[in-house]
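Here is the structure we will look at.
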Amino acid sequence: MIRVQAEDFDLGAELAALREGRRDIGALASFVGLVREMAPEGTQASAPDSSHNGSGEQSMTLEHYPGMTEKMLAEIEAEAQARWPLQASLIIHRYGRLLPGEQIVLVACASPHRHAAFEACQFLMDWLKTKAPFWKLEEVDGKGNWVDARESDEAAARRWQGG
Amino acid sequence: MIRVQAEDFDLGAELAALREGRRDIGALASFVGLVREMAPEGTQASAPDSSHNGSGEQSMTLEHYPGMTEKMLAEIEAEAQARWPLQASLIIHRYGRLLPGEQIVLVACASPHRHAAFEACQFLMDWLKTKAPFWKLEEVDGKGNWVDARESDEAAARRWQGG
Amino acid sequence: MITLLYFAWVRSDIGVAQEALETKAETVGELLAELQARSDQHAHALAEPARLRFAVNQTFVELGSPVRDGDEVAIFPPMTGG
Amino acid sequence: MITLLYFAWVRSDIGVAQEALETKAETVGELLAELQARSDQHAHALAEPARLRFAVNQTFVELGSPVRDGDEVAIFPPMTGG
């Protein structure tokens, strides 16, 4: 199942729904990606405070391509279902403006066996990162910066072949 | 954090507590192992019914070595913390008699980065399977069978070295 | 008529999210060359095709892929979701 | 005095979960040989050391590892938790 939504999701409720009424699932792996607070510019991540200007108000806005997003997520989920013996899978991806600490994405996979559940989750995230049409705009004190794609994400997607 | 308990756990509440009040977590990976209903003996998993005797009532009883269990889980968690940049981690393992569909074990790892969170979760499960003193007794219609250790689990633990 | 969609910094650099275009371009590459000549904003946003990704009717394509009248063509940077 | 703990099928085969033993054994291997001679149940449960795991004071050890008076020695099959 896939969902693209502005609203937050209830991780516990989503995972409970995935295994609801089933007794054949042996392994349930899940992953949540969250908006991470950035260290203020010009400071080390370890510095307790900073002398930078502004309040440091941060946000992350996710833009997407309605229609193509759903199409690509469904294709990615179908590919995972074809590669691993999954009993259930779920992708939820949010769009819109999010604050540090908020949930961005959930993937979850249920399988009889743990390696399949783990691998399928990693695959979903790796392909989603490079194939689903989402873009992140970071804003600090109202100054926006489009996040650059990372070669490490491309490499992670390629390890599954066909990526 | 580690916990060894007979009681069930609330997956959603545990994962929510792990990120409670934090805005620096980018990735939260988790895994739940569940008691899986077995196909009745002498039937294929795909056969809808069977001619075996008995009601097929199944259970899984987890025995453990109190004291050593907590020691080993703490060591395994510390090893994961040393190998990956984790912001939080959790291992909950149940003991006692469980029915198909019930939760056995939860591992969860929070990190700034998704690969660390995923890998640390897999490591925790792989080492836990081969190093934490738990034993599974399957019972069907009152007939007990101690589950054999699997070479595939040993191999999975070895891929992390030092295993 | 081709419908063009822009996303992320391609959209903010060009200044519009969507536009319609009558064109004789037969490939994505020809369409791109035509768009680059449309305005300074277009020229700047579309200057480096290697930094861009293209979709025709919501399927990823390459510069040599065909475009036809009625297509929805999207131009955007590499994705950064998840 | 050494405290012996048995788990899983080692426990059910021997028929007790715990017993105390006065012994002159200096290694886990010597202790095991002594235990094997204790009863038919012990002999059967402990017949194949390769199928057993050993812990002294809650730390995994090998057959050649030392045991001392006061130790807690546990004998059990390979683990199957998780």
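By order of appearance in the structure tokens: chains A, B, ..., then residues from 1 within every chain, and ligands from 1 in the order shown.
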
- Message: I need the strand (DSSP E) residues of range 7-144 of chain B per DSSP on the backbone, written as an NGL selection string.
- Response: :B and (27-34 or 58-64 or 88-94 or 96-98 or 103-111 or 134-140 or 143-144)

The selected residues should be written to file as a CSV table (one decimal), in the first residue's frame (atoms: N, CA and C atoms).
chain,number,residue,atom,x,y,z
B,27,ALA,N,16.8,9.2,11.3
B,27,ALA,CA,16.4,7.8,10.8
B,27,ALA,C,16.1,7.0,12.0
B,28,LEU,N,15.0,6.3,11.9
B,28,LEU,CA,14.6,5.4,13.0
B,28,LEU,C,14.2,4.0,12.4
B,29,ALA,N,15.1,3.1,12.5
B,29,ALA,CA,14.8,1.7,12.0
B,29,ALA,C,14.4,0.8,13.1
B,30,SER,N,13.4,-0.1,12.8
B,30,SER,CA,13.0,-1.0,13.9
B,30,SER,C,12.7,-2.4,13.3
B,31,PHE,N,12.7,-3.4,14.2
B,31,PHE,CA,12.4,-4.7,13.7
B,31,PHE,C,11.6,-5.4,14.9
B,32,VAL,N,10.5,-6.1,14.5
B,32,VAL,CA,9.8,-6.9,15.4
B,32,VAL,C,9.7,-8.3,14.9
B,33,GLY,N,10.1,-9.3,15.8
B,33,GLY,CA,10.0,-10.7,15.5
B,33,GLY,C,8.7,-11.2,16.2
B,34,LEU,N,8.0,-12.0,15.4
B,34,LEU,CA,6.7,-12.5,15.9
B,34,LEU,C,6.6,-14.0,15.8
B,58,GLN,N,-1.1,-24.3,18.7
B,58,GLN,CA,0.3,-24.0,18.7
B,58,GLN,C,0.7,-23.0,19.7
B,59,SER,N,1.9,-23.2,20.3
B,59,SER,CA,2.5,-22.1,21.1
B,59,SER,C,4.0,-22.2,21.0
B,60,MET,N,4.6,-21.1,21.4
B,60,MET,CA,6.1,-21.0,21.4
B,60,MET,C,6.5,-20.5,22.8
B,61,THR,N,7.3,-21.3,23.5
B,61,THR,CA,7.7,-20.9,24.8
B,61,THR,C,9.2,-20.6,24.8
B,62,LEU,N,9.5,-19.4,25.3
B,62,LEU,CA,10.9,-18.9,25.3
B,62,LEU,C,11.4,-19.1,26.7
B,63,GLU,N,12.5,-19.9,26.8
B,63,GLU,CA,13.2,-20.0,28.0
B,63,GLU,C,14.4,-19.1,27.9
B,64,HIS,N,14.9,-18.6,29.1
B,64,HIS,CA,16.1,-17.9,29.0
B,64,HIS,C,16.9,-18.1,30.3
B,88,ALA,N,20.0,6.6,19.9
B,88,ALA,CA,19.2,5.8,20.8
B,88,ALA,C,19.1,4.4,20.3
B,89,SER,N,19.0,3.5,21.2
B,89,SER,CA,18.7,2.1,20.8
B,89,SER,C,17.9,1.4,21.8
B,90,LEU,N,17.3,0.4,21.4
B,90,LEU,CA,16.3,-0.3,22.3
B,90,LEU,C,16.3,-1.8,21.9
B,91,ILE,N,16.4,-2.7,22.9
B,91,ILE,CA,16.1,-4.1,22.7
B,91,ILE,C,15.1,-4.5,23.7
B,92,ILE,N,14.0,-5.1,23.3
B,92,ILE,CA,13.1,-5.7,24.2
B,92,ILE,C,12.9,-7.2,23.8
B,93,HIS,N,13.1,-8.1,24.7
B,93,HIS,CA,12.9,-9.5,24.4
B,93,HIS,C,12.0,-10.1,25.4
B,94,ARG,N,11.0,-10.8,24.9
B,94,ARG,CA,10.1,-11.5,25.9
B,94,ARG,C,10.5,-12.9,26.2
B,96,GLY,N,8.7,-16.7,28.1
B,96,GLY,CA,7.4,-17.3,28.5
B,96,GLY,C,6.7,-17.9,27.3
B,97,ARG,N,5.4,-18.2,27.6
B,97,ARG,CA,4.6,-18.9,26.5
B,97,ARG,C,3.9,-17.9,25.7
B,98,LEU,N,4.1,-18.0,24.4
B,98,LEU,CA,3.5,-17.0,23.4
B,98,LEU,C,2.7,-17.8,22.4
B,103,GLN,N,4.2,-10.8,19.6
B,103,GLN,CA,5.5,-10.3,19.5
B,103,GLN,C,6.5,-10.9,20.4
B,104,ILE,N,7.7,-11.2,19.9
B,104,ILE,CA,8.7,-11.9,20.7
B,104,ILE,C,9.8,-10.8,21.0
B,105,VAL,N,10.2,-10.1,20.0
B,105,VAL,CA,11.4,-9.2,20.2
B,105,VAL,C,11.2,-7.9,19.4
B,106,LEU,N,11.8,-6.9,20.0
B,106,LEU,CA,11.8,-5.6,19.3
B,106,LEU,C,13.3,-5.1,19.4
B,107,VAL,N,13.8,-4.6,18.2
B,107,VAL,CA,15.0,-3.8,18.3
B,107,VAL,C,14.8,-2.6,17.5
B,108,ALA,N,15.3,-1.5,18.0
B,108,ALA,CA,15.1,-0.2,17.3
B,108,ALA,C,16.4,0.6,17.4
B,109,CYS,N,16.8,1.4,16.4
B,109,CYS,CA,18.0,2.2,16.4
B,109,CYS,C,17.7,3.5,15.8
B,110,ALA,N,18.1,4.6,16.4
B,110,ALA,CA,17.9,6.0,15.9
B,110,ALA,C,19.3,6.5,15.6
B,111,SER,N,19.4,7.2,14.4
B,111,SER,CA,20.7,7.7,14.0
B,111,SER,C,20.5,8.9,13.1
B,134,PHE,N,18.6,-17.5,24.9
B,134,PHE,CA,17.2,-17.8,24.8
B,134,PHE,C,17.0,-19.1,24.0
B,135,TRP,N,16.0,-19.8,24.3
B,135,TRP,CA,15.7,-21.1,23.6
B,135,TRP,C,14.2,-21.2,23.4
B,136,LYS,N,13.9,-21.6,22.2
B,136,LYS,CA,12.5,-21.7,21.8
B,136,LYS,C,12.0,-23.2,21.8
B,137,LEU,N,10.9,-23.3,22.5
B,137,LEU,CA,10.2,-24.6,22.5
B,137,LEU,C,8.8,-24.5,21.8
B,138,GLU,N,8.7,-25.1,20.6
B,138,GLU,CA,7.5,-25.1,19.9
B,138,GLU,C,6.6,-26.2,20.4
B,139,GLU,N,5.3,-25.9,20.6
B,139,GLU,CA,4.4,-27.0,21.0
B,139,GLU,C,3.2,-27.0,20.1
B,140,VAL,N,2.8,-28.1,19.6
B,140,VAL,CA,1.6,-28.3,18.8
B,140,VAL,C,0.8,-29.5,19.4
B,143,LYS,N,2.5,-31.3,22.2
B,143,LYS,CA,3.8,-32.0,21.9
B,143,LYS,C,4.9,-31.0,21.6
B,144,GLY,N,5.9,-31.1,22.5
B,144,GLY,CA,7.0,-30.0,22.4
B,144,GLY,C,8.1,-30.4,21.6

At a cut-off of 12 Å, which residues of chain A touch chain D? Count only C-alpha atoms and give the answer as an mmCIF file with all heavy atoms, in the first residue's frame.
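part06.cif written:
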data_model
loop_
_atom_site.group_PDB
_atom_site.id
_atom_site.type_symbol
_atom_site.label_atom_id
_atom_site.label_comp_id
_atom_site.auth_asym_id
_atom_site.auth_seq_id
_atom_site.Cartn_x
_atom_site.Cartn_y
_atom_site.Cartn_z
ATOM 1 N N GLY A 26 6.373 -13.406 10.466
ATOM 2 C CA GLY A 26 7.459 -13.687 11.394
ATOM 3 C C GLY A 26 8.330 -12.481 11.667
ATOM 4 O O GLY A 26 9.022 -12.415 12.685
ATOM 5 N N ALA A 27 8.318 -11.522 10.738
ATOM 6 C CA ALA A 27 9.252 -10.404 10.799
ATOM 7 C C ALA A 27 8.590 -9.146 10.257
ATOM 8 O O ALA A 27 8.011 -9.165 9.175
ATOM 9 C CB ALA A 27 10.487 -10.722 9.960
ATOM 10 N N HIS A 113 10.410 -14.092 7.094
ATOM 11 C CA HIS A 113 11.820 -14.140 7.504
ATOM 12 C C HIS A 113 12.446 -12.755 7.612
ATOM 13 O O HIS A 113 12.171 -11.879 6.802
ATOM 14 C CB HIS A 113 12.612 -14.988 6.518
ATOM 15 C CG HIS A 113 12.038 -16.366 6.392
ATOM 16 N ND1 HIS A 113 12.075 -17.272 7.425
ATOM 17 C CD2 HIS A 113 11.369 -16.964 5.383
ATOM 18 C CE1 HIS A 113 11.463 -18.380 7.058
ATOM 19 N NE2 HIS A 113 11.023 -18.223 5.816
ATOM 20 N N ARG A 114 13.346 -12.606 8.588
ATOM 21 C CA ARG A 114 13.818 -11.268 8.897
ATOM 22 C C ARG A 114 14.700 -10.657 7.813
ATOM 23 O O ARG A 114 14.625 -9.448 7.577
ATOM 24 C CB ARG A 114 14.526 -11.225 10.251
ATOM 25 C CG ARG A 114 15.963 -11.743 10.315
ATOM 26 C CD ARG A 114 16.474 -11.657 11.746
ATOM 27 N NE ARG A 114 17.879 -11.994 11.881
ATOM 28 C CZ ARG A 114 18.382 -13.222 11.850
ATOM 29 N NH1 ARG A 114 17.592 -14.258 11.620
ATOM 30 N NH2 ARG A 114 19.680 -13.418 12.017
#

- Query: So which residues touch Asp148 in chain B within 12 Å, counting only C-alpha atoms, skipping near sequence neighbours fewer than 3 positions away, as an NGL selection string?
  - Reply: (:B and (129-130 or 134-138 or 145 or 151-154)) or (:D and (8-9 or 51-52 or 77-81))

May I have the selected residues written with N, CA, C and O atoms, as a PDB file, in the first residue's frame?
ATOM      1  N   LYS B 129      20.468 -13.318  18.054  1.00  0.00           N
ATOM      2  CA  LYS B 129      20.046 -14.685  17.708  1.00  0.00           C
ATOM      3  C   LYS B 129      21.070 -15.728  18.126  1.00  0.00           C
ATOM      4  O   LYS B 129      20.709 -16.859  18.440  1.00  0.00           O
ATOM      5  N   THR B 130      22.345 -15.376  18.066  1.00  0.00           N
ATOM      6  CA  THR B 130      23.391 -16.376  18.314  1.00  0.00           C
ATOM      7  C   THR B 130      24.108 -16.189  19.643  1.00  0.00           C
ATOM      8  O   THR B 130      24.869 -17.060  20.038  1.00  0.00           O
ATOM      9  N   PHE B 134      18.603 -17.453  24.864  1.00  0.00           N
ATOM     10  CA  PHE B 134      17.179 -17.769  24.753  1.00  0.00           C
ATOM     11  C   PHE B 134      17.038 -19.071  23.973  1.00  0.00           C
ATOM     12  O   PHE B 134      17.818 -19.340  23.052  1.00  0.00           O
ATOM     13  N   TRP B 135      16.010 -19.842  24.327  1.00  0.00           N
ATOM     14  CA  TRP B 135      15.725 -21.077  23.588  1.00  0.00           C
ATOM     15  C   TRP B 135      14.233 -21.173  23.355  1.00  0.00           C
ATOM     16  O   TRP B 135      13.436 -20.883  24.256  1.00  0.00           O
ATOM     17  N   LYS B 136      13.886 -21.633  22.166  1.00  0.00           N
ATOM     18  CA  LYS B 136      12.474 -21.710  21.776  1.00  0.00           C
ATOM     19  C   LYS B 136      11.979 -23.150  21.815  1.00  0.00           C
ATOM     20  O   LYS B 136      12.567 -24.038  21.195  1.00  0.00           O
ATOM     21  N   LEU B 137      10.867 -23.337  22.499  1.00  0.00           N
ATOM     22  CA  LEU B 137      10.167 -24.619  22.519  1.00  0.00           C
ATOM     23  C   LEU B 137       8.849 -24.458  21.773  1.00  0.00           C
ATOM     24  O   LEU B 137       7.961 -23.726  22.218  1.00  0.00           O
ATOM     25  N   GLU B 138       8.749 -25.120  20.617  1.00  0.00           N
ATOM     26  CA  GLU B 138       7.485 -25.123  19.870  1.00  0.00           C
ATOM     27  C   GLU B 138       6.587 -26.224  20.411  1.00  0.00           C
ATOM     28  O   GLU B 138       7.049 -27.358  20.603  1.00  0.00           O
ATOM     29  N   ASN B 145       8.769 -29.422  20.972  1.00  0.00           N
ATOM     30  CA  ASN B 145       9.938 -29.630  20.134  1.00  0.00           C
ATOM     31  C   ASN B 145      10.874 -28.426  20.285  1.00  0.00           C
ATOM     32  O   ASN B 145      10.491 -27.301  19.974  1.00  0.00           O
ATOM     33  N   GLU B 151      22.220 -22.841  10.867  1.00  0.00           N
ATOM     34  CA  GLU B 151      23.520 -22.407  10.350  1.00  0.00           C
ATOM     35  C   GLU B 151      23.397 -21.036   9.681  1.00  0.00           C
ATOM     36  O   GLU B 151      24.312 -20.229   9.729  1.00  0.00           O
ATOM     37  N   SER B 152      22.228 -20.762   9.082  1.00  0.00           N
ATOM     38  CA  SER B 152      22.051 -19.458   8.421  1.00  0.00           C
ATOM     39  C   SER B 152      22.132 -18.316   9.431  1.00  0.00           C
ATOM     40  O   SER B 152      22.591 -17.223   9.107  1.00  0.00           O
ATOM     41  N   ASP B 153      21.693 -18.565  10.670  1.00  0.00           N
ATOM     42  CA  ASP B 153      21.816 -17.527  11.700  1.00  0.00           C
ATOM     43  C   ASP B 153      23.262 -17.343  12.125  1.00  0.00           C
ATOM     44  O   ASP B 153      23.712 -16.220  12.368  1.00  0.00           O
ATOM     45  N   GLU B 154      23.991 -18.470  12.217  1.00  0.00           N
ATOM     46  CA  GLU B 154      25.419 -18.381  12.537  1.00  0.00           C
ATOM     47  C   GLU B 154      26.152 -17.583  11.457  1.00  0.00           C
ATOM     48  O   GLU B 154      26.986 -16.733  11.746  1.00  0.00           O
TER      49      GLU B 154
ATOM     50  N   ALA D   8      16.952 -25.528  28.299  1.00  0.00           N
ATOM     51  CA  ALA D   8      16.340 -26.100  27.090  1.00  0.00           C
ATOM     52  C   ALA D   8      16.408 -27.624  27.130  1.00  0.00           C
ATOM     53  O   ALA D   8      16.124 -28.206  28.173  1.00  0.00           O
ATOM     54  N   TRP D   9      16.771 -28.299  26.021  1.00  0.00           N
ATOM     55  CA  TRP D   9      16.700 -29.766  26.044  1.00  0.00           C
ATOM     56  C   TRP D   9      17.759 -30.401  26.939  1.00  0.00           C
ATOM     57  O   TRP D   9      17.610 -31.548  27.354  1.00  0.00           O
ATOM     58  N   ARG D  51      27.432 -30.192  20.334  1.00  0.00           N
ATOM     59  CA  ARG D  51      26.064 -29.655  20.307  1.00  0.00           C
ATOM     60  C   ARG D  51      25.763 -28.790  21.525  1.00  0.00           C
ATOM     61  O   ARG D  51      24.625 -28.358  21.717  1.00  0.00           O
ATOM     62  N   LEU D  52      26.767 -28.577  22.375  1.00  0.00           N
ATOM     63  CA  LEU D  52      26.548 -27.838  23.629  1.00  0.00           C
ATOM     64  C   LEU D  52      27.308 -26.520  23.647  1.00  0.00           C
ATOM     65  O   LEU D  52      28.297 -26.355  22.935  1.00  0.00           O
ATOM     66  N   PRO D  77      22.071 -25.811  24.864  1.00  0.00           N
ATOM     67  CA  PRO D  77      22.234 -25.924  23.409  1.00  0.00           C
ATOM     68  C   PRO D  77      22.508 -24.548  22.793  1.00  0.00           C
ATOM     69  O   PRO D  77      22.331 -23.531  23.459  1.00  0.00           O
ATOM     70  N   PRO D  78      22.912 -24.510  21.531  1.00  0.00           N
ATOM     71  CA  PRO D  78      23.019 -23.236  20.822  1.00  0.00           C
ATOM     72  C   PRO D  78      21.703 -22.465  20.940  1.00  0.00           C
ATOM     73  O   PRO D  78      20.627 -23.052  20.936  1.00  0.00           O
ATOM     74  N   MET D  79      21.808 -21.158  21.022  1.00  0.00           N
ATOM     75  CA  MET D  79      20.644 -20.332  21.307  1.00  0.00           C
ATOM     76  C   MET D  79      19.733 -20.169  20.078  1.00  0.00           C
ATOM     77  O   MET D  79      20.187 -20.196  18.940  1.00  0.00           O
ATOM     78  N   THR D  80      18.471 -19.972  20.370  1.00  0.00           N
ATOM     79  CA  THR D  80      17.480 -19.858  19.290  1.00  0.00           C
ATOM     80  C   THR D  80      16.471 -18.732  19.560  1.00  0.00           C
ATOM     81  O   THR D  80      15.307 -18.828  19.187  1.00  0.00           O
ATOM     82  N   GLY D  81      16.937 -17.673  20.222  1.00  0.00           N
ATOM     83  CA  GLY D  81      16.024 -16.566  20.520  1.00  0.00           C
ATOM     84  C   GLY D  81      15.824 -15.653  19.319  1.00  0.00           C
ATOM     85  O   GLY D  81      16.204 -15.970  18.191  1.00  0.00           O
TER      86      GLY D  81
END

- Message: Can you tell me which residues surround Ala17 in chain C at a distance of at most 8 Å, considering only C-alpha atoms, apart from same-chain residues fewer than 4 positions away, and format the answer as a VMD selection string?
- Response: chain C and resid 5 to 7 11 to 12

Selection near range 20-24 of chain C, 6 Å with only C-alpha atoms, sequence-local residues under 5 positions removed, as a compact mmCIF listing (two decimals) with N, CA, C and O atoms, in the first residue's frame:
# COMPACT_ATOMS: atom_id res chain seq x y z
N MET C 1 0.39 20.96 -29.00
CA MET C 1 0.66 21.63 -27.71
C MET C 1 1.26 20.64 -26.70
O MET C 1 0.75 19.55 -26.50
N ILE C 2 2.36 21.07 -26.09
CA ILE C 2 3.00 20.28 -25.04
C ILE C 2 2.85 21.02 -23.72
O ILE C 2 3.01 22.24 -23.67
N THR C 3 2.52 20.29 -22.66
CA THR C 3 2.45 20.89 -21.33
C THR C 3 3.77 20.66 -20.63
O THR C 3 4.22 19.52 -20.50
N LEU C 4 4.38 21.76 -20.18
CA LEU C 4 5.66 21.66 -19.47
C LEU C 4 5.45 21.87 -17.99
O LEU C 4 4.72 22.78 -17.57

- Query: In Å, with one decimal, what is the gap from CA of Arg23 in chain A to CA of Val4 in chain A?
  - Reply: 28.5 Å

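Taking CA of Trp127 in chain B as the reference point, CA of Ala157 in chain B is found at 5.4 Å.
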
Proximity check range 9-104 of chain B to range 57-76 of chain D, 12 Å, nearest pairs one decimal Å, only C-alpha atoms, as JSON lines:
{"residue": "B:Glu63", "atom": "CA", "partner": "D:Phe76", "partner_atom": "CA", "distance": 11.1}
{"residue": "B:His64", "atom": "CA", "partner": "D:Phe76", "partner_atom": "CA", "distance": 10.3}
{"residue": "B:Tyr65", "atom": "CA", "partner": "D:Gln58", "partner_atom": "CA", "distance": 8.8}
{"residue": "B:Pro66", "atom": "CA", "partner": "D:Gln58", "partner_atom": "CA", "distance": 9.6}
{"residue": "B:Gly67", "atom": "CA", "partner": "D:Gln58", "partner_atom": "CA", "distance": 7.5}
{"residue": "B:Met68", "atom": "CA", "partner": "D:Gln58", "partner_atom": "CA", "distance": 5.0}
{"residue": "B:Thr69", "atom": "CA", "partner": "D:Gln58", "partner_atom": "CA", "distance": 8.6}
{"residue": "B:Glu70", "atom": "CA", "partner": "D:Gln58", "partner_atom": "CA", "distance": 10.1}
{"residue": "B:Lys71", "atom": "CA", "partner": "D:Gln58", "partner_atom": "CA", "distance": 7.9}
{"residue": "B:Met72", "atom": "CA", "partner": "D:Thr59", "partner_atom": "CA", "distance": 8.6}
{"residue": "B:Glu75", "atom": "CA", "partner": "D:Thr59", "partner_atom": "CA", "distance": 11.1}

- Task: Using only C-alpha atoms, determine which residues lie at most 12 Å from Ala43 in chain C, disregarding the query and same-chain residues fewer than 5 positions distant; provide the list as an MDAnalysis selection string.
- Result: chainID C and resid 10 13:14 32:38 48:49

Long-range neighbours of Pro100 in chain B as a compact mmCIF listing (two decimals) with N, CA, C and O atoms, in the first residue's frame, 6 Å cut-off, only C-alpha atoms, 5 positions minimum in chain:
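See out23.txt below for the written result:
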# COMPACT_ATOMS: atom_id res chain seq x y z
N ARG A 23 -1.43 -14.19 11.66
CA ARG A 23 -0.58 -14.99 12.53
C ARG A 23 0.54 -15.65 11.73
O ARG A 23 1.23 -16.53 12.24
N VAL B 35 5.77 -14.58 16.68
CA VAL B 35 5.52 -16.03 16.61
C VAL B 35 4.70 -16.29 15.36
O VAL B 35 3.64 -15.72 15.17
N ARG B 36 5.23 -17.14 14.50
CA ARG B 36 4.60 -17.41 13.22
C ARG B 36 3.88 -18.75 13.29
O ARG B 36 4.45 -19.75 13.73
N GLU B 37 2.66 -18.76 12.86
CA GLU B 37 1.89 -20.01 12.83
C GLU B 37 2.52 -20.95 11.82
O GLU B 37 2.83 -20.56 10.70

- Item | Residue nearest chain B among A:Arg83, A:His115, A:Arg3, A:Arg150 (counting only C-alpha atoms) |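 Residue with the minimum atom-to-atom distance to chain B: A:His115.
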
- Work out how far CA of Pro85 in chain A is from CA of Leu99 in chain B, in Å to one decimal. 22.9 Å

- Item | Which residue of A:Ala78, A:Phe9, A:Gly101, A:Leu124 approaches chain B most closely, using only C-alpha atoms | A:Gly101
